[in-house]
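Asker: Sharing upload_10.pdb (PDB, C-alpha atoms and all ligand atoms) below.
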```
ATOM      1  CA  MET A   1     101.413 140.051 186.459  1.00  0.00           C
ATOM      2  CA  PRO A   2     101.274 136.386 187.572  1.00  0.00           C
ATOM      3  CA  THR A   3      98.429 134.155 186.409  1.00  0.00           C
ATOM      4  CA  LEU A   4      96.966 131.546 188.728  1.00  0.00           C
ATOM      5  CA  ASN A   5      94.676 128.690 187.772  1.00  0.00           C
ATOM      6  CA  ILE A   6      91.908 129.047 190.350  1.00  0.00           C
ATOM      7  CA  ASN A   7      88.930 126.709 190.280  1.00  0.00           C
ATOM      8  CA  GLY A   8      89.712 125.751 186.692  1.00  0.00           C
ATOM      9  CA  LYS A   9      90.047 129.301 185.401  1.00  0.00           C
ATOM     10  CA  ASP A  10      93.287 131.076 184.507  1.00  0.00           C
ATOM     11  CA  THR A  11      93.149 134.247 186.572  1.00  0.00           C
ATOM     12  CA  PRO A  12      95.616 137.155 186.358  1.00  0.00           C
ATOM     13  CA  VAL A  13      96.483 138.407 189.823  1.00  0.00           C
ATOM     14  CA  ASN A  14      97.611 141.988 190.311  1.00  0.00           C
ATOM     15  CA  ALA A  15     100.121 141.210 193.055  1.00  0.00           C
ATOM     16  CA  ASP A  16     103.789 140.431 193.542  1.00  0.00           C
ATOM     17  CA  GLU A  17     104.733 136.741 193.266  1.00  0.00           C
ATOM     18  CA  SER A  18     105.941 136.753 196.863  1.00  0.00           C
ATOM     19  CA  THR A  19     102.428 137.626 198.098  1.00  0.00           C
ATOM     20  CA  PRO A  20     100.727 134.790 199.989  1.00  0.00           C
ATOM     21  CA  ILE A  21      97.933 133.132 197.996  1.00  0.00           C
ATOM     22  CA  LEU A  22      95.469 134.006 200.760  1.00  0.00           C
ATOM     23  CA  TRP A  23      95.852 137.735 200.073  1.00  0.00           C
ATOM     24  CA  ALA A  24      95.559 137.184 196.335  1.00  0.00           C
ATOM     25  CA  LEU A  25      92.293 135.335 196.894  1.00  0.00           C
ATOM     26  CA  ARG A  26      90.730 137.601 199.491  1.00  0.00           C
ATOM     27  CA  ASP A  27      92.096 141.067 198.799  1.00  0.00           C
ATOM     28  CA  THR A  28      92.929 141.062 195.103  1.00  0.00           C
ATOM     29  CA  LEU A  29      90.202 138.745 193.793  1.00  0.00           C
ATOM     30  CA  GLY A  30      87.488 139.283 196.434  1.00  0.00           C
ATOM     31  CA  MET A  31      87.099 135.549 197.069  1.00  0.00           C
ATOM     32  CA  THR A  32      86.372 135.734 200.783  1.00  0.00           C
ATOM     33  CA  GLY A  33      85.331 132.111 201.365  1.00  0.00           C
ATOM     34  CA  THR A  34      88.908 131.326 202.379  1.00  0.00           C
ATOM     35  CA  LYS A  35      89.523 132.764 205.844  1.00  0.00           C
ATOM     36  CA  PHE A  36      92.418 134.499 207.569  1.00  0.00           C
ATOM     37  CA  GLY A  37      93.042 133.186 211.048  1.00  0.00           C
ATOM     38  CA  CYS A  38      96.638 133.252 212.254  1.00  0.00           C
ATOM     39  CA  GLY A  39      98.692 134.029 209.154  1.00  0.00           C
ATOM     40  CA  ALA A  40     101.350 131.604 210.376  1.00  0.00           C
ATOM     41  CA  ALA A  41     100.265 128.105 209.288  1.00  0.00           C
ATOM     42  CA  LEU A  42      98.920 127.354 212.769  1.00  0.00           C
ATOM     43  CA  CYS A  43      95.115 127.299 212.474  1.00  0.00           C
ATOM     44  CA  GLY A  44      94.082 125.947 209.060  1.00  0.00           C
ATOM     45  CA  ALA A  45      91.424 128.615 208.399  1.00  0.00           C
ATOM     46  CA  CYS A  46      93.128 129.516 205.110  1.00  0.00           C
ATOM     47  CA  THR A  47      93.307 125.960 203.716  1.00  0.00           C
ATOM     48  CA  VAL A  48      92.920 125.558 199.952  1.00  0.00           C
ATOM     49  CA  HIS A  49      94.002 122.778 197.592  1.00  0.00           C
ATOM     50  CA  LEU A  50      97.103 122.929 195.448  1.00  0.00           C
ATOM     51  CA  ASN A  51      96.831 120.116 192.906  1.00  0.00           C
ATOM     52  CA  GLY A  52      94.361 118.402 195.261  1.00  0.00           C
ATOM     53  CA  ALA A  53      96.510 118.570 198.393  1.00  0.00           C
ATOM     54  CA  ALA A  54      95.583 120.754 201.365  1.00  0.00           C
ATOM     55  CA  ILE A  55      97.929 123.713 201.807  1.00  0.00           C
ATOM     56  CA  ARG A  56      97.993 126.756 204.060  1.00  0.00           C
ATOM     57  CA  SER A  57      97.460 129.665 201.713  1.00  0.00           C
ATOM     58  CA  CYS A  58      98.622 132.229 204.295  1.00  0.00           C
ATOM     59  CA  VAL A  59     102.219 131.025 204.027  1.00  0.00           C
ATOM     60  CA  THR A  60     102.309 129.810 200.405  1.00  0.00           C
ATOM     61  CA  PRO A  61     103.427 132.479 197.933  1.00  0.00           C
ATOM     62  CA  ILE A  62     101.806 133.005 194.562  1.00  0.00           C
ATOM     63  CA  SER A  63     105.094 131.883 192.965  1.00  0.00           C
ATOM     64  CA  ALA A  64     104.577 128.352 194.322  1.00  0.00           C
ATOM     65  CA  ALA A  65     101.234 128.053 192.560  1.00  0.00           C
ATOM     66  CA  VAL A  66     102.008 129.428 189.087  1.00  0.00           C
ATOM     67  CA  GLY A  67     101.314 126.617 186.598  1.00  0.00           C
ATOM     68  CA  GLN A  68      99.543 124.558 189.296  1.00  0.00           C
ATOM     69  CA  LYS A  69      95.864 124.134 190.113  1.00  0.00           C
ATOM     70  CA  ILE A  70      94.310 125.916 193.085  1.00  0.00           C
ATOM     71  CA  THR A  71      90.880 124.895 194.341  1.00  0.00           C
ATOM     72  CA  THR A  72      89.019 126.967 196.921  1.00  0.00           C
ATOM     73  CA  ILE A  73      85.868 126.477 198.982  1.00  0.00           C
ATOM     74  CA  GLU A  74      83.909 128.326 196.275  1.00  0.00           C
ATOM     75  CA  ALA A  75      84.386 125.353 193.894  1.00  0.00           C
ATOM     76  CA  VAL A  76      84.778 122.399 196.225  1.00  0.00           C
ATOM     77  CA  ALA A  77      81.243 121.155 195.572  1.00  0.00           C
ATOM     78  CA  SER A  78      81.901 120.853 191.828  1.00  0.00           C
ATOM     79  CA  ASP A  79      83.931 117.775 192.723  1.00  0.00           C
ATOM     80  CA  ARG A  80      82.233 114.485 193.745  1.00  0.00           C
ATOM     81  CA  VAL A  81      84.257 114.128 196.939  1.00  0.00           C
ATOM     82  CA  GLY A  82      83.919 117.776 197.894  1.00  0.00           C
ATOM     83  CA  LYS A  83      80.162 117.635 197.299  1.00  0.00           C
ATOM     84  CA  ALA A  84      79.851 114.576 199.575  1.00  0.00           C
ATOM     85  CA  VAL A  85      81.825 116.376 202.280  1.00  0.00           C
ATOM     86  CA  GLN A  86      79.707 119.506 202.006  1.00  0.00           C
ATOM     87  CA  ASP A  87      76.484 117.458 202.099  1.00  0.00           C
ATOM     88  CA  ALA A  88      77.703 115.600 205.201  1.00  0.00           C
ATOM     89  CA  TRP A  89      78.582 118.936 206.834  1.00  0.00           C
ATOM     90  CA  VAL A  90      75.021 120.141 206.274  1.00  0.00           C
ATOM     91  CA  LYS A  91      73.496 116.840 207.437  1.00  0.00           C
ATOM     92  CA  HIS A  92      75.501 116.913 210.678  1.00  0.00           C
ATOM     93  CA  ASP A  93      74.996 120.655 211.132  1.00  0.00           C
ATOM     94  CA  VAL A  94      78.743 120.886 211.763  1.00  0.00           C
ATOM     95  CA  ALA A  95      79.259 124.637 211.713  1.00  0.00           C
ATOM     96  CA  GLN A  96      78.859 126.726 214.837  1.00  0.00           C
ATOM     97  CA  CYS A  97      80.230 130.238 214.192  1.00  0.00           C
ATOM     98  CA  GLY A  98      81.465 128.870 210.855  1.00  0.00           C
ATOM     99  CA  TYR A  99      84.744 130.768 210.721  1.00  0.00           C
ATOM    100  CA  CYS A 100      87.018 127.725 210.554  1.00  0.00           C
ATOM    101  CA  GLN A 101      84.711 125.617 208.452  1.00  0.00           C
ATOM    102  CA  SER A 102      85.824 126.346 204.909  1.00  0.00           C
ATOM    103  CA  GLY A 103      89.319 125.271 205.940  1.00  0.00           C
ATOM    104  CA  GLN A 104      87.903 122.196 207.657  1.00  0.00           C
ATOM    105  CA  VAL A 105      85.945 121.212 204.539  1.00  0.00           C
ATOM    106  CA  MET A 106      89.024 121.647 202.336  1.00  0.00           C
ATOM    107  CA  SER A 107      91.174 119.492 204.631  1.00  0.00           C
ATOM    108  CA  ALA A 108      88.469 116.819 204.898  1.00  0.00           C
ATOM    109  CA  THR A 109      88.047 116.738 201.123  1.00  0.00           C
ATOM    110  CA  ALA A 110      91.796 116.384 200.564  1.00  0.00           C
ATOM    111  CA  LEU A 111      91.843 113.541 203.092  1.00  0.00           C
ATOM    112  CA  LEU A 112      89.035 111.620 201.382  1.00  0.00           C
ATOM    113  CA  LYS A 113      90.616 112.108 197.977  1.00  0.00           C
ATOM    114  CA  ALA A 114      93.861 110.612 199.266  1.00  0.00           C
ATOM    115  CA  LYS A 115      92.233 107.932 201.432  1.00  0.00           C
ATOM    116  CA  ALA A 116      88.683 106.753 200.706  1.00  0.00           C
ATOM    117  CA  LYS A 117      88.264 104.909 204.017  1.00  0.00           C
ATOM    118  CA  PRO A 118      90.178 106.848 206.658  1.00  0.00           C
ATOM    119  CA  THR A 119      90.587 105.407 210.152  1.00  0.00           C
ATOM    120  CA  ASN A 120      90.059 107.535 213.241  1.00  0.00           C
ATOM    121  CA  ALA A 121      93.824 107.999 213.390  1.00  0.00           C
ATOM    122  CA  ASP A 122      93.903 109.086 209.729  1.00  0.00           C
ATOM    123  CA  ILE A 123      91.164 111.632 210.424  1.00  0.00           C
ATOM    124  CA  ASP A 124      92.903 112.952 213.523  1.00  0.00           C
ATOM    125  CA  ALA A 125      96.212 113.268 211.668  1.00  0.00           C
ATOM    126  CA  ALA A 126      94.709 114.970 208.609  1.00  0.00           C
ATOM    127  CA  MET A 127      92.573 117.385 210.622  1.00  0.00           C
ATOM    128  CA  ALA A 128      95.049 118.146 213.429  1.00  0.00           C
ATOM    129  CA  GLY A 129      96.150 121.418 211.835  1.00  0.00           C
ATOM    130  CA  ASN A 130      92.597 122.790 211.577  1.00  0.00           C
ATOM    131  CA  ILE A 131      91.662 124.501 214.799  1.00  0.00           C
ATOM    132  CA  CYS A 132      88.028 125.171 215.746  1.00  0.00           C
ATOM    133  CA  ARG A 133      87.556 127.527 218.655  1.00  0.00           C
ATOM    134  CA  CYS A 134      83.891 126.502 218.844  1.00  0.00           C
ATOM    135  CA  GLY A 135      84.930 122.873 219.384  1.00  0.00           C
ATOM    136  CA  THR A 136      82.990 121.232 216.561  1.00  0.00           C
ATOM    137  CA  TYR A 137      85.486 118.366 216.347  1.00  0.00           C
ATOM    138  CA  VAL A 138      83.036 115.578 217.205  1.00  0.00           C
ATOM    139  CA  ARG A 139      80.656 116.621 214.432  1.00  0.00           C
ATOM    140  CA  ILE A 140      83.552 117.079 212.008  1.00  0.00           C
ATOM    141  CA  ARG A 141      84.691 113.482 212.565  1.00  0.00           C
ATOM    142  CA  ALA A 142      81.138 112.157 212.215  1.00  0.00           C
ATOM    143  CA  ALA A 143      80.636 114.092 208.984  1.00  0.00           C
ATOM    144  CA  ILE A 144      83.890 112.813 207.495  1.00  0.00           C
ATOM    145  CA  LYS A 145      82.880 109.233 208.262  1.00  0.00           C
ATOM    146  CA  ASP A 146      79.457 109.832 206.753  1.00  0.00           C
ATOM    147  CA  ALA A 147      80.962 111.345 203.608  1.00  0.00           C
ATOM    148  CA  ALA A 148      83.276 108.323 203.257  1.00  0.00           C
ATOM    149  CA  LEU A 149      80.260 106.001 203.507  1.00  0.00           C
ATOM    150  CA  ALA A 150      78.303 108.030 200.962  1.00  0.00           C
ATOM    151  CA  LEU A 151      81.223 107.794 198.514  1.00  0.00           C
ATOM    152  CA  ALA A 152      81.800 104.036 199.003  1.00  0.00           C
TER     153      ALA A 152
HETATM  154  S1  LIG A 201      95.504 131.653 208.538  1.00  0.00           S
HETATM  155 FE1  LIG A 201      96.707 130.179 207.544  1.00  0.00          FE
HETATM  156  S2  LIG A 201      96.979 128.602 208.975  1.00  0.00           S
HETATM  157 FE2  LIG A 201      95.976 130.184 210.085  1.00  0.00          FE
HETATM  158  S1  LIG A 202      82.838 126.743 213.984  1.00  0.00           S
HETATM  159 FE1  LIG A 202      83.566 128.473 215.082  1.00  0.00          FE
HETATM  160  S2  LIG A 202      85.712 128.317 214.912  1.00  0.00           S
HETATM  161 FE2  LIG A 202      85.008 126.457 214.121  1.00  0.00          FE
END
```
Translate this structure into structure tokens?
Ligand code: FES
Ligand code: FES
Answerer:
Amino acid sequence: MPTLNINGKDTPVNADESTPILWALRDTLGMTGTKFGCGAALCGACTVHLNGAAIRSCVTPISAAVGQKITTIEAVASDRVGKAVQDAWVKHDVAQCGYCQSGQVMSATALLKAKAKPTNADIDAAMAGNICRCGTYVRIRAAIKDAALALA
């Protein structure tokens, strides 16, 4: 049985190593904060961090994460950057239906960890793979800028 380090905790996962991480999280471990959207790396709903970088968990097998560190939306606020992003999301009332938002928060947090003062182009590039059918993009950009200011 593979063991994954999820949110700082070594966690045995009762699944084959070829199983996408998304199914390990949602189905095997009951961690439903990470969402299933397209299952094909097209929408970003399933975004988690692997060693701090945003990845699409619907197309990343468990085998790619053994011995690495996975962070999910459930623990993002335990990190200074993730907490600032989450606070900015609340302040700007970003979420509409909310379905895409855990993936959005994970991508935004990975961006601000890699680049403390992102330009508009940086934000557009980093967030391009996260689709929001409710169209919350304007509030997402404002919240990312606010989080960057709060962290400065
Ligand atoms: S569910 Fe993974 S990118 Fe859409
Ligand atoms: S808030 Fe509804 S899909 Fe983004």
Asker: Box time for ligand LIG 201 (chain A): axis-aligned, enclosing all its listed atoms, 3 Å extra on each side; report centre and edge lengths in Å to one decimal, as AutoDock Vina command-line options.
Answerer:
```
--center_x 96.2 --center_y 130.1 --center_z 208.8 --size_x 7.5 --size_y 9.1 --size_z 8.5
```
Asker: For each of A:Ala114, A:Met31, A:Ala148, A:Ile123, take the minimum atom-to-atom distance to Cys46 of chain A, counting only C-alpha atoms, then give the residue where this is smallest.
Answerer: A:Met31
Asker: From the options A:Cys97, A:Ala108, A:Asp87, A:Asp124, which residue's atoms come nearest to Ala150 of chain A, counting only C-alpha atoms?
Answerer: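 Selected residue with least distance to Ala150 of chain A: A:Asp87.
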Asker: Ligand LIG 201 (chain A): which residues are within 8 Å, counting all atoms listed in the file, as an NGL selection string?
Answerer: :A and (22 or 35-47 or 56-59 or 129-130)
Asker: Enumerate as number ranges by chain the residues within 7 Å of ligand LIG 202 (chain A), counting only C-alpha atoms and all ligand atoms.
Answerer: A: 95-101, 131-136
Asker: For C-alpha atoms, I'd like the residues from the last selection saved as a PDB file, in the frame of the given file.
Answerer:
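Listing of again-v4.pdb after writing:
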```pdb
ATOM      1  CA  ALA A  95      79.259 124.637 211.713  1.00  0.00           C
ATOM      2  CA  GLN A  96      78.859 126.726 214.837  1.00  0.00           C
ATOM      3  CA  CYS A  97      80.230 130.238 214.192  1.00  0.00           C
ATOM      4  CA  GLY A  98      81.465 128.870 210.855  1.00  0.00           C
ATOM      5  CA  TYR A  99      84.744 130.768 210.721  1.00  0.00           C
ATOM      6  CA  CYS A 100      87.018 127.725 210.554  1.00  0.00           C
ATOM      7  CA  GLN A 101      84.711 125.617 208.452  1.00  0.00           C
ATOM      8  CA  ILE A 131      91.662 124.501 214.799  1.00  0.00           C
ATOM      9  CA  CYS A 132      88.028 125.171 215.746  1.00  0.00           C
ATOM     10  CA  ARG A 133      87.556 127.527 218.655  1.00  0.00           C
ATOM     11  CA  CYS A 134      83.891 126.502 218.844  1.00  0.00           C
ATOM     12  CA  GLY A 135      84.930 122.873 219.384  1.00  0.00           C
ATOM     13  CA  THR A 136      82.990 121.232 216.561  1.00  0.00           C
TER      14      THR A 136
END
```
Asker: Can you work out the spacing between atom CA of Val13 of chain A and atom CA of Ile73 of chain A in Å, to one decimal?
Answerer: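 Atom-to-atom, atom CA of Val13 of chain A to atom CA of Ile73 of chain A, that is 18.4 Å.
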Asker: May I have the residues at most 9 Å from (92.0, 114.6, 210.0) in the file's coordinates, counting all atoms listed in the file, as a PDB file with C-alpha atoms, keeping the file's coordinate frame?
Answerer:
```pdb
ATOM      1  CA  GLN A 104      87.903 122.196 207.657  1.00  0.00           C
ATOM      2  CA  SER A 107      91.174 119.492 204.631  1.00  0.00           C
ATOM      3  CA  ALA A 108      88.469 116.819 204.898  1.00  0.00           C
ATOM      4  CA  LEU A 111      91.843 113.541 203.092  1.00  0.00           C
ATOM      5  CA  PRO A 118      90.178 106.848 206.658  1.00  0.00           C
ATOM      6  CA  ASN A 120      90.059 107.535 213.241  1.00  0.00           C
ATOM      7  CA  ALA A 121      93.824 107.999 213.390  1.00  0.00           C
ATOM      8  CA  ASP A 122      93.903 109.086 209.729  1.00  0.00           C
ATOM      9  CA  ILE A 123      91.164 111.632 210.424  1.00  0.00           C
ATOM     10  CA  ASP A 124      92.903 112.952 213.523  1.00  0.00           C
ATOM     11  CA  ALA A 125      96.212 113.268 211.668  1.00  0.00           C
ATOM     12  CA  ALA A 126      94.709 114.970 208.609  1.00  0.00           C
ATOM     13  CA  MET A 127      92.573 117.385 210.622  1.00  0.00           C
ATOM     14  CA  ALA A 128      95.049 118.146 213.429  1.00  0.00           C
ATOM     15  CA  GLY A 129      96.150 121.418 211.835  1.00  0.00           C
ATOM     16  CA  ASN A 130      92.597 122.790 211.577  1.00  0.00           C
ATOM     17  CA  ARG A 141      84.691 113.482 212.565  1.00  0.00           C
ATOM     18  CA  ILE A 144      83.890 112.813 207.495  1.00  0.00           C
TER      19      ILE A 144
END
```
Asker: Which one is closest to Asp146 of chain A: A:Ala53, A:Met106, A:Ala24, A:Val85? Count all atoms listed in the file.
Answerer: A:Val85
Asker: Determine the nearest neighbour of Ala88 of chain A from the options A:Ala54, A:Leu4, A:Ala142, A:Ile70, counting all atoms listed in the file.
Answerer: A:Ala142
Asker: Which residue, A:Thr119, A:Ser63, A:Thr109, A:Asn7, has the smallest gap to Lys83 of chain A when you use only C-alpha atoms?
Answerer: A:Thr109
Asker: Kindly indicate which residue among A:His49, A:Lys69, A:Arg26, A:Lys115 lies nearest to Gly8 of chain A, using all atoms listed in the file for the distances.
Answerer: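 For Gly8 of chain A, the nearest of the candidates is A:Lys69.
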Asker: Need to verify the contact set: Met1 of chain A, 8 Å, only C-alpha atoms, exclusion of same-chain residues closer than 3 positions in sequence. Can you return it as a ChimeraX atom specification?
Answerer: /A:12-16
Asker: Please identify all polymer residues within 12 Å of Ala84 of chain A, counting only C-alpha atoms, omitting same-chain residues fewer than 2 positions from it, and present them as a VMD selection string.
Answerer: chain A and resid 76 to 82 86 to 91 105 to 106 108 to 109 112 to 113 116 143 to 152
Asker: Would you translate the PyMOL selection byres (((chain A and resi 68) around 7) and not hetatm) into the concrete set of residues it matches in this file, as a list in words?
Answerer: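 This file gives the following for the PyMOL selection byres (((chain A and resi 68) around 7) and not hetatm): Asn5, Leu50, Asn51, Ala65, Val66, Gly67, Lys69 and Ile70 of chain A.
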Asker: Pick out the residues sitting within 9 Å of Gly33 of chain A, and hand them over as a PyMOL selection string; count all atoms listed in the file, and ignore anything fewer than 3 positions along from it in its own chain.
Answerer: chain A and resi 25-26+30+72-74+102
Asker: Since the input is missing atoms for segment 8-38 of chain A, could you rebuild it with N, CA and C atoms and give the result as a tab-separated table (two decimals), in the coordinates of the input?
Answerer:
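As written to disk, result-v8.tsv reads:
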```
chain	number	residue	atom	x	y	z
A	8	GLY	N	89.79	126.10	188.10
A	8	GLY	CA	89.71	125.75	186.69
A	8	GLY	C	89.82	126.92	185.73
A	9	LYS	N	90.02	128.11	186.27
A	9	LYS	CA	90.05	129.30	185.40
A	9	LYS	C	91.38	130.03	185.55
A	10	ASP	N	92.05	130.29	184.44
A	10	ASP	CA	93.29	131.08	184.51
A	10	ASP	C	92.93	132.51	184.89
A	11	THR	N	93.54	132.97	185.98
A	11	THR	CA	93.15	134.25	186.57
A	11	THR	C	94.38	135.12	186.81
A	12	PRO	N	94.51	136.24	186.08
A	12	PRO	CA	95.62	137.16	186.36
A	12	PRO	C	95.44	137.78	187.74
A	13	VAL	N	96.55	137.87	188.46
A	13	VAL	CA	96.48	138.41	189.82
A	13	VAL	C	97.41	139.61	189.91
A	14	ASN	N	96.84	140.75	190.24
A	14	ASN	CA	97.61	141.99	190.31
A	14	ASN	C	98.33	142.08	191.66
A	15	ALA	N	99.37	141.24	191.80
A	15	ALA	CA	100.12	141.21	193.06
A	15	ALA	C	101.50	140.64	192.77
A	16	ASP	N	102.44	140.96	193.66
A	16	ASP	CA	103.79	140.43	193.54
A	16	ASP	C	103.78	138.92	193.78
A	17	GLU	N	104.71	138.20	193.14
A	17	GLU	CA	104.73	136.74	193.27
A	17	GLU	C	105.07	136.26	194.67
A	18	SER	N	105.63	137.16	195.49
A	18	SER	CA	105.94	136.75	196.86
A	18	SER	C	104.73	136.87	197.79
A	19	THR	N	103.64	137.45	197.29
A	19	THR	CA	102.43	137.63	198.10
A	19	THR	C	101.82	136.27	198.43
A	20	PRO	N	101.41	136.05	199.68
A	20	PRO	CA	100.73	134.79	199.99
A	20	PRO	C	99.43	134.65	199.18
A	21	ILE	N	99.14	133.41	198.79
A	21	ILE	CA	97.93	133.13	198.00
A	21	ILE	C	96.68	133.65	198.70
A	22	LEU	N	96.65	133.56	200.01
A	22	LEU	CA	95.47	134.01	200.76
A	22	LEU	C	95.11	135.45	200.44
A	23	TRP	N	96.14	136.32	200.34
A	23	TRP	CA	95.85	137.74	200.07
A	23	TRP	C	95.43	137.93	198.63
A	24	ALA	N	95.99	137.11	197.74
A	24	ALA	CA	95.56	137.18	196.34
A	24	ALA	C	94.08	136.83	196.25
A	25	LEU	N	93.69	135.76	196.95
A	25	LEU	CA	92.29	135.34	196.89
A	25	LEU	C	91.37	136.38	197.51
A	26	ARG	N	91.67	136.75	198.74
A	26	ARG	CA	90.73	137.60	199.49
A	26	ARG	C	90.78	139.06	199.06
A	27	ASP	N	91.98	139.62	199.01
A	27	ASP	CA	92.10	141.07	198.80
A	27	ASP	C	92.08	141.45	197.32
A	28	THR	N	92.82	140.69	196.52
A	28	THR	CA	92.93	141.06	195.10
A	28	THR	C	91.72	140.57	194.30
A	29	LEU	N	91.27	139.34	194.60
A	29	LEU	CA	90.20	138.74	193.79
A	29	LEU	C	88.83	138.78	194.47
A	30	GLY	N	88.78	139.18	195.74
A	30	GLY	CA	87.49	139.28	196.43
A	30	GLY	C	86.84	137.94	196.73
A	31	MET	N	87.65	136.88	196.76
A	31	MET	CA	87.10	135.55	197.07
A	31	MET	C	87.26	135.31	198.58
A	32	THR	N	86.23	135.69	199.32
A	32	THR	CA	86.37	135.73	200.78
A	32	THR	C	85.96	134.44	201.49
A	33	GLY	N	85.67	133.38	200.72
A	33	GLY	CA	85.33	132.11	201.36
A	33	GLY	C	86.49	131.53	202.14
A	34	THR	N	87.71	131.79	201.69
A	34	THR	CA	88.91	131.33	202.38
A	34	THR	C	89.23	132.34	203.47
A	35	LYS	N	89.42	131.85	204.70
A	35	LYS	CA	89.52	132.76	205.84
A	35	LYS	C	90.96	133.00	206.31
A	36	PHE	N	91.16	134.18	206.90
A	36	PHE	CA	92.42	134.50	207.57
A	36	PHE	C	92.23	134.25	209.06
A	37	GLY	N	93.10	133.42	209.61
A	37	GLY	CA	93.04	133.19	211.05
A	37	GLY	C	94.30	133.68	211.72
A	38	CYS	N	95.39	132.94	211.53
A	38	CYS	CA	96.64	133.25	212.25
A	38	CYS	C	97.71	133.87	211.35
```
